[in-house]
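**Q** Before I ask anything, let me first share the structure, which is written out below as structure tokens.
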Amino acid sequence: HFFQRTKVYCHEGGCGSCVVCASYLDKITNKPEEISVNSCLFPLYSCDGYSFTTVEGLGSKKNGLHPVQKRLADKNGSQCGYCSPGFVMTMYSKLKNNPRPSKEEIEKSFDGSMTSFASDKDPIDIEDLTSLKCLSPECDHDNKMLRIDMQNKTWFAPVSLEDLFSIFYIKEKKFRLMFGNTSIGVYKKQACFDGFINVKGIQELYGIKFENDRLTIGANCSLSNLIRIFAKYSEKCPAKFGHLKKLGQCFLKIGNVHVRNSACWAGNLAVKKQFGEFPSDVMTILETSGAKLNVYRNIRDLRGPMEMNIENFLHDPEIVVGEFLIESLTLDALDQEKTVCMYRKVMPRSQNAHAYVNSGFRFEFESAQSTKLVNEPLLCFNGIDENFFHAEKTQKFLQNKDLLDSAVFTGSVKILNDELRESGILVQKDPLLTTPDYRISLALSMYYKFYIQILHSKSKEIKTELKSLPESIVDSRKISNSEESVEIDNQSFPLTKPIPKLNAYSQTSGETKYVDDLPPSAHQTHGAFILSTIASAKIDHIDIEQALNMNGVLGIYLAKDIPGENNLMPKPFIQEPIFADKEVIYARQPIGLVVAKTKEIAKKAAGIVRVKYTDIKKPILNIQDAIAQKSFHPKPSCGDIIKGKRLFFVILKNHLL
């Protein structure tokens, strides 16, 4: 028997279908904690020391539904129901930590549920629930390093830095350090490693120390905990760390609540180190806050951690992926009256998305009301170019300048614009990125809004229409709300009465069966598409021999194997081939289908089919290029309806109520 009610869809930690509730013993407080996590990103071996509650543990139609399951169903909160167990577990996990959450807290907890929610009620009204009790006590756990050897890979789970260093005594082996493993949702293909090291158990990496106006936070601090720590010390020392409260809230723009529960800030920086194009929000926020890193530049030489700024960490050639360890970060006090900090992010949607561009600014002034800068200000950007972070020329120009001087503003904008254009951004390295001009305009807009915010905060006269510029419409959005009005016609009962659909309880309890939940039938096979790797080219040759000879592959079908017409769309719609035959017109266009005994074999075989292309062209990626190259869809054909009616054998006429 398998637990089948927890679903999986995106395999990226983005849709929320796979959410479960994880219970563990907090390394800092030594108390049980319960959080929601994406099970699709949680490695099996890293479950050591955790207990999990899935939707099976809440309730069923036979044994009785949990209040969350019942309310979601009663309020018509499901469509097909595939994502409903994820919604249920998200709310369950929220109530385990806070039995009486506010509407705003509830709404924010669903930032990781990207699937459809069809309730005709306000979804927050569904969560008017009572407190829940813990189901089981925390189990004892042997505090020793775990080692699991599997084929040619090894899994390590050290419990101390000494354990970690001992692993690296193994020469000529490459290891991947991991904490939450959430990066696999973004970069699925990473470097090859001989082993994996789960650093969650290393007690020394959880330390939090506050002394001599300096705050030190260990590398194993999750993003969710980092938000709480920033809020705690901004309230504890508002005159020196007050800026951390607003910057801490900026972490809410990273991923979603399940990702933030699993991921640590140091892991995010490690991803940025490995993949320079990654638009790390953590990097920009920490740089804005003035953070320094304490890093073991090479774990094998056993030298102590070195303090360095974030940019040096990223560009130090001696810090090699898989060979370094971030131990902690340190934050020094800032004079809150003289210093202004701001972080901004523009992204495709308001939650759970990478930045097009993010930015951080930190300006220090002579006094609370002064507009004259002292020292060199900070302007940093992510999403421009992987080698561009600080706007160094603009920073030097602004040093000791008065922001009330209009020449300072126009001069700084010109320098910043030139600096951005010289950064390498004009070379479009990734066709999925927004255009260089758009990202440059975003960076300039962010700077402009920060400039206006400073003048406005210092009670300087600015035009009325400019006063609202620094405000974010998204961030100031009110809590969602809705009203319903249902007129019930008793003569048409049960029509017009708002009652739950028949399968609502099965959906919210996870008992509804989908194709992947069904047991395999006799002679069942699996298919995987052979997809094009080129967007626009002619197909010269398709080599299927190696894939066809794989054990478990039953057949490979191409366009030539289709009986009849190779067309997906009926007339009068534009023809679209089932499989590309002579040319491909978009990336990942289906070229064929591998049929095999298992899904895994089919996918692997599809990946080793070799397609040779000729006449490779630059793809058309925007409307302007399509118009310039006259790449238009043909008009759909349409016949003569009046003439066609004369050919009909039978014509039915009636009135529709």
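Convention: chains lettered A, B, ... in structure tokens order; per-chain residue numbering from 1; ligands numbered from 1 as shown.
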List as a list in words the protein and nucleic acid residues near stretch 277-293 of chain A, meaning an atom at most 7 Å away when only C-alpha atoms are counted, but skip any in the same chain fewer than 3 places from it.
**A**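 My list of contacting residues is Leu247, Ile254, Trp265, Asn268, Leu269, Lys272, Glu307, Met308, Asn309, Ile310, Ser328, Leu329, Thr330, Leu331, Cys341, Tyr343, His354, Ala355, Asn358, Ser359, Gly360, Phe361, Arg362, Cys380, Asn382, Gly383, Asp385 and Glu386 of chain A.
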**Q** Show which residues sit within 12 Å of stretch 158-171 of chain A, as an MDAnalysis selection string. Count only C-alpha atoms, and ignore same-chain residues fewer than 2 positions away.
**A** chainID A and resid 27 46 48:49 141:148 154:156 173:179 194:206 296 298:305 322:327
**Q** Take the residues that were just selected and, keeping C-alpha atoms, output them as a PDB file, in the first residue's frame.
**A**
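Contents of out27.pdb, as written:
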ATOM      1  CA  LYS A  27      18.298  23.072  17.051  1.00  0.00           C
ATOM      2  CA  SER A  46      17.123  14.052   4.729  1.00  0.00           C
ATOM      3  CA  ASP A  48      16.010  11.479   9.200  1.00  0.00           C
ATOM      4  CA  GLY A  49      14.971  13.219  12.430  1.00  0.00           C
ATOM      5  CA  HIS A 141      17.230  10.625  17.970  1.00  0.00           C
ATOM      6  CA  ASP A 142      20.754   9.286  18.163  1.00  0.00           C
ATOM      7  CA  ASN A 143      23.108  12.243  17.724  1.00  0.00           C
ATOM      8  CA  LYS A 144      25.709  10.562  15.525  1.00  0.00           C
ATOM      9  CA  MET A 145      26.772  11.117  11.944  1.00  0.00           C
ATOM     10  CA  LEU A 146      24.735   9.129   9.469  1.00  0.00           C
ATOM     11  CA  ARG A 147      26.405   7.543   6.440  1.00  0.00           C
ATOM     12  CA  ILE A 148      24.546   5.682   3.690  1.00  0.00           C
ATOM     13  CA  THR A 154      27.423   8.283  -0.540  1.00  0.00           C
ATOM     14  CA  TRP A 155      25.052  10.228   1.681  1.00  0.00           C
ATOM     15  CA  PHE A 156      26.498  11.917   4.789  1.00  0.00           C
ATOM     16  CA  LYS A 173      36.003  13.279  -4.165  1.00  0.00           C
ATOM     17  CA  LYS A 174      33.454  15.968  -4.961  1.00  0.00           C
ATOM     18  CA  PHE A 175      30.602  16.573  -2.546  1.00  0.00           C
ATOM     19  CA  ARG A 176      27.434  18.594  -2.750  1.00  0.00           C
ATOM     20  CA  LEU A 177      26.464  20.346   0.485  1.00  0.00           C
ATOM     21  CA  MET A 178      22.731  20.754   0.941  1.00  0.00           C
ATOM     22  CA  PHE A 179      20.285  22.102   3.471  1.00  0.00           C
ATOM     23  CA  ASP A 194      30.507  11.623  -5.621  1.00  0.00           C
ATOM     24  CA  GLY A 195      28.428  12.207  -2.532  1.00  0.00           C
ATOM     25  CA  PHE A 196      25.921  14.431  -0.765  1.00  0.00           C
ATOM     26  CA  ILE A 197      26.321  16.097   2.614  1.00  0.00           C
ATOM     27  CA  ASN A 198      23.227  17.124   4.530  1.00  0.00           C
ATOM     28  CA  VAL A 199      24.355  19.948   6.833  1.00  0.00           C
ATOM     29  CA  LYS A 200      21.048  20.273   8.736  1.00  0.00           C
ATOM     30  CA  GLY A 201      22.411  18.398  11.746  1.00  0.00           C
ATOM     31  CA  ILE A 202      25.503  20.599  12.293  1.00  0.00           C
ATOM     32  CA  GLN A 203      24.748  22.375  15.554  1.00  0.00           C
ATOM     33  CA  GLU A 204      27.479  25.033  15.197  1.00  0.00           C
ATOM     34  CA  LEU A 205      25.810  26.436  12.058  1.00  0.00           C
ATOM     35  CA  TYR A 206      22.666  27.422  13.993  1.00  0.00           C
ATOM     36  CA  TYR A 296      35.727  28.649   5.089  1.00  0.00           C
ATOM     37  CA  ASN A 298      38.451  25.727   1.394  1.00  0.00           C
ATOM     38  CA  ILE A 299      37.159  23.140   3.844  1.00  0.00           C
ATOM     39  CA  ARG A 300      40.048  20.770   3.151  1.00  0.00           C
ATOM     40  CA  ASP A 301      42.803  23.074   4.451  1.00  0.00           C
ATOM     41  CA  LEU A 302      41.009  23.488   7.828  1.00  0.00           C
ATOM     42  CA  ARG A 303      41.820  27.183   8.146  1.00  0.00           C
ATOM     43  CA  GLY A 304      39.281  29.130  10.168  1.00  0.00           C
ATOM     44  CA  PRO A 305      36.517  31.166   8.562  1.00  0.00           C
ATOM     45  CA  GLY A 322      31.632  22.130  -3.308  1.00  0.00           C
ATOM     46  CA  GLU A 323      34.855  23.093  -1.490  1.00  0.00           C
ATOM     47  CA  PHE A 324      33.728  26.042   0.652  1.00  0.00           C
ATOM     48  CA  LEU A 325      31.429  26.467   3.651  1.00  0.00           C
ATOM     49  CA  ILE A 326      29.575  29.596   4.746  1.00  0.00           C
ATOM     50  CA  GLU A 327      29.595  29.573   8.533  1.00  0.00           C
TER      51      GLU A 327
END
**Q** What's around A:Asn225 at 12 Å? Count only C-alpha atoms, leave out sequence neighbours fewer than 5 positions away in its own chain, and write the answer as a list in words.
**A** Asp26, Lys27, Ile28, Thr29, Glu33, Ile35, Tyr206, Ile208, Ile217, Gly218, Ala219, Asn220, Phe230, Ala231, Lys232, Gly248, Gln249, Phe251, Leu252, Val257, Arg260, Asn261, Ser262, Ala263, Cys264 and Trp265 of chain A
**Q** Using only C-alpha atoms, which of the listed residues (A:Lys635, A:Arg214, A:Lys96, A:Lys429) sits closest to A:Ser36?
**A** A:Lys96
**Q** Write out as a list of chain:residue names each polymer residue whose atoms come within 7 Å of stretch 400-414 of chain A, counting only C-alpha atoms; drop sequence neighbours fewer than 2 positions from it.
**A**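 Final neighbour list, sorted by chain and number: A:Thr371, A:Lys372, A:Leu373, A:Val374, A:Asn375, A:Thr394, A:Phe397, A:Leu398, A:Leu416, A:Asn417, A:Asp418.
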**Q** If you run DSSP over the backbone, which residues in stretch 25-92 of chain A end up strand (DSSP E or B)? Put them as a list in words.
**A**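 Here are the strand (DSSP E or B) residues of stretch 25-92 of chain A: Leu25, Pro32, Glu33, Glu34, Ile35, Ser36, Val37, Asn38, Ser51, Phe52, Thr53, Ser60 and Gly64 of chain A.
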**Q** Let's have the selection written as a PDB file, in the first residue's frame, with N, CA and C atoms.
**A**
ATOM      1  N   LEU A  25      12.772  18.703  15.797  1.00  0.00           N
ATOM      2  CA  LEU A  25      13.252  19.343  17.026  1.00  0.00           C
ATOM      3  C   LEU A  25      14.152  20.505  16.637  1.00  0.00           C
ATOM      4  N   PRO A  32       9.895  21.176  19.849  1.00  0.00           N
ATOM      5  CA  PRO A  32       9.303  20.680  18.587  1.00  0.00           C
ATOM      6  C   PRO A  32       8.758  21.838  17.746  1.00  0.00           C
ATOM      7  N   GLU A  33       9.009  21.773  16.459  1.00  0.00           N
ATOM      8  CA  GLU A  33       8.491  22.758  15.513  1.00  0.00           C
ATOM      9  C   GLU A  33       7.760  22.025  14.394  1.00  0.00           C
ATOM     10  N   GLU A  34       6.761  22.671  13.831  1.00  0.00           N
ATOM     11  CA  GLU A  34       6.003  22.087  12.723  1.00  0.00           C
ATOM     12  C   GLU A  34       5.892  23.107  11.604  1.00  0.00           C
ATOM     13  N   ILE A  35       6.279  22.705  10.409  1.00  0.00           N
ATOM     14  CA  ILE A  35       6.292  23.608   9.267  1.00  0.00           C
ATOM     15  C   ILE A  35       5.714  22.898   8.047  1.00  0.00           C
ATOM     16  N   SER A  36       5.268  23.678   7.088  1.00  0.00           N
ATOM     17  CA  SER A  36       4.840  23.114   5.810  1.00  0.00           C
ATOM     18  C   SER A  36       6.041  23.069   4.874  1.00  0.00           C
ATOM     19  N   VAL A  37       6.182  21.975   4.137  1.00  0.00           N
ATOM     20  CA  VAL A  37       7.299  21.823   3.194  1.00  0.00           C
ATOM     21  C   VAL A  37       6.782  21.208   1.897  1.00  0.00           C
ATOM     22  N   ASN A  38       7.548  21.438   0.820  1.00  0.00           N
ATOM     23  CA  ASN A  38       7.265  20.788  -0.455  1.00  0.00           C
ATOM     24  C   ASN A  38       7.915  19.410  -0.454  1.00  0.00           C
ATOM     25  N   SER A  51       9.302  13.863  11.512  1.00  0.00           N
ATOM     26  CA  SER A  51       8.074  13.087  11.328  1.00  0.00           C
ATOM     27  C   SER A  51       7.157  13.925  10.446  1.00  0.00           C
ATOM     28  N   PHE A  52       6.348  13.261   9.646  1.00  0.00           N
ATOM     29  CA  PHE A  52       5.532  13.961   8.661  1.00  0.00           C
ATOM     30  C   PHE A  52       4.056  13.602   8.831  1.00  0.00           C
ATOM     31  N   THR A  53       3.230  14.597   8.646  1.00  0.00           N
ATOM     32  CA  THR A  53       1.792  14.381   8.575  1.00  0.00           C
ATOM     33  C   THR A  53       1.344  14.696   7.159  1.00  0.00           C
ATOM     34  N   SER A  60     -10.754  11.084   6.577  1.00  0.00           N
ATOM     35  CA  SER A  60     -11.269  10.464   5.355  1.00  0.00           C
ATOM     36  C   SER A  60     -12.787  10.440   5.431  1.00  0.00           C
ATOM     37  N   GLY A  64     -14.215  10.041   9.054  1.00  0.00           N
ATOM     38  CA  GLY A  64     -14.537  11.414   9.435  1.00  0.00           C
ATOM     39  C   GLY A  64     -13.513  12.399   8.915  1.00  0.00           C
TER      40      GLY A  64
END
**Q** Just asking: which residues within stretch 154-228 of chain A are helix (DSSP H, G or I) according to DSSP, as a ChimeraX atom specification?
**A** /A:161-167,182-185,199-201,203-206,223-228
**Q** Just N, CA and C atoms for this one: save the residues we selected as a compact mmCIF listing (two decimals), in the first residue's frame.
**A**
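Heads up, here's the output in again_1.txt:
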# COMPACT_ATOMS: atom_id res chain seq x y z
N LEU A 161 30.84 20.27 12.99
CA LEU A 161 31.83 20.70 12.01
C LEU A 161 32.98 19.69 11.94
N GLU A 162 33.31 19.09 13.06
CA GLU A 162 34.37 18.07 13.07
C GLU A 162 34.00 16.90 12.15
N ASP A 163 32.74 16.48 12.21
CA ASP A 163 32.27 15.43 11.31
C ASP A 163 32.41 15.86 9.86
N LEU A 164 32.03 17.10 9.59
CA LEU A 164 32.09 17.61 8.22
C LEU A 164 33.52 17.63 7.70
N PHE A 165 34.44 18.13 8.52
CA PHE A 165 35.84 18.18 8.09
C PHE A 165 36.39 16.77 7.83
N SER A 166 35.94 15.81 8.63
CA SER A 166 36.45 14.44 8.45
C SER A 166 36.02 13.85 7.10
N ILE A 167 34.85 14.27 6.62
CA ILE A 167 34.39 13.79 5.31
C ILE A 167 35.34 14.28 4.21
N THR A 182 16.20 23.09 -2.14
CA THR A 182 15.21 23.79 -2.95
C THR A 182 15.79 24.26 -4.29
N SER A 183 17.11 24.34 -4.41
CA SER A 183 17.70 24.79 -5.67
C SER A 183 17.42 23.83 -6.81
N ILE A 184 17.12 22.57 -6.47
CA ILE A 184 16.87 21.58 -7.51
C ILE A 184 15.58 21.90 -8.27
N GLY A 185 14.73 22.71 -7.66
CA GLY A 185 13.52 23.14 -8.34
C GLY A 185 13.79 24.19 -9.40
N VAL A 199 23.77 19.17 5.74
CA VAL A 199 24.36 19.95 6.83
C VAL A 199 23.34 20.34 7.90
N LYS A 200 22.09 19.87 7.79
CA LYS A 200 21.05 20.27 8.74
C LYS A 200 21.38 19.93 10.18
N GLY A 201 22.15 18.84 10.38
CA GLY A 201 22.41 18.40 11.75
C GLY A 201 23.58 19.08 12.42
N GLN A 203 25.23 21.46 14.52
CA GLN A 203 24.75 22.38 15.55
C GLN A 203 25.43 23.73 15.48
N GLU A 204 26.74 23.76 15.19
CA GLU A 204 27.48 25.03 15.20
C GLU A 204 26.97 26.03 14.16
N LEU A 205 26.27 25.54 13.12
CA LEU A 205 25.81 26.44 12.06
C LEU A 205 24.46 27.07 12.37
N TYR A 206 23.94 26.84 13.59
CA TYR A 206 22.67 27.42 13.99
C TYR A 206 22.84 28.59 14.97
N LEU A 223 15.08 30.82 5.86
CA LEU A 223 14.60 32.15 5.49
C LEU A 223 13.43 32.57 6.39
N SER A 224 12.58 31.62 6.75
CA SER A 224 11.46 31.94 7.65
C SER A 224 11.97 32.39 9.01
N ASN A 225 12.99 31.70 9.54
CA ASN A 225 13.56 32.09 10.83
C ASN A 225 14.31 33.41 10.71
N LEU A 226 14.93 33.66 9.56
CA LEU A 226 15.67 34.91 9.36
C LEU A 226 14.72 36.10 9.43
N ILE A 227 13.53 35.95 8.88
CA ILE A 227 12.52 37.02 8.97
C ILE A 227 12.21 37.32 10.43
N ARG A 228 12.02 36.27 11.23
CA ARG A 228 11.69 36.45 12.64
C ARG A 228 12.86 37.06 13.41
**Q** Nearest to A:Lys75 among A:Cys21, A:Val259, A:Ile499, A:Val8, with distances taken over only C-alpha atoms: which residue is it?
**A**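 Closest residue, counting only C-alpha atoms: A:Ile499.
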**Q** In Å, rounded to a single decimal, give me how far atom CA of A:Arg477 is from atom CA of A:Leu378.
**A**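 Atom CA of A:Arg477 lies at a distance of 29.0 Å from atom CA of A:Leu378.
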**Q** Name the closest residue to A:Ala580 among the candidates A:His258, A:Lys560, A:Arg421, A:Lys103; distances are taken between atoms, counting only C-alpha atoms.
**A** A:Lys560
**Q** Grab the atom CA of A:Leu314 to atom CA of A:His390 distance for me, in Å with one decimal place.
**A**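 We find that atom CA of A:Leu314 and atom CA of A:His390 lie 12.5 Å from each other.
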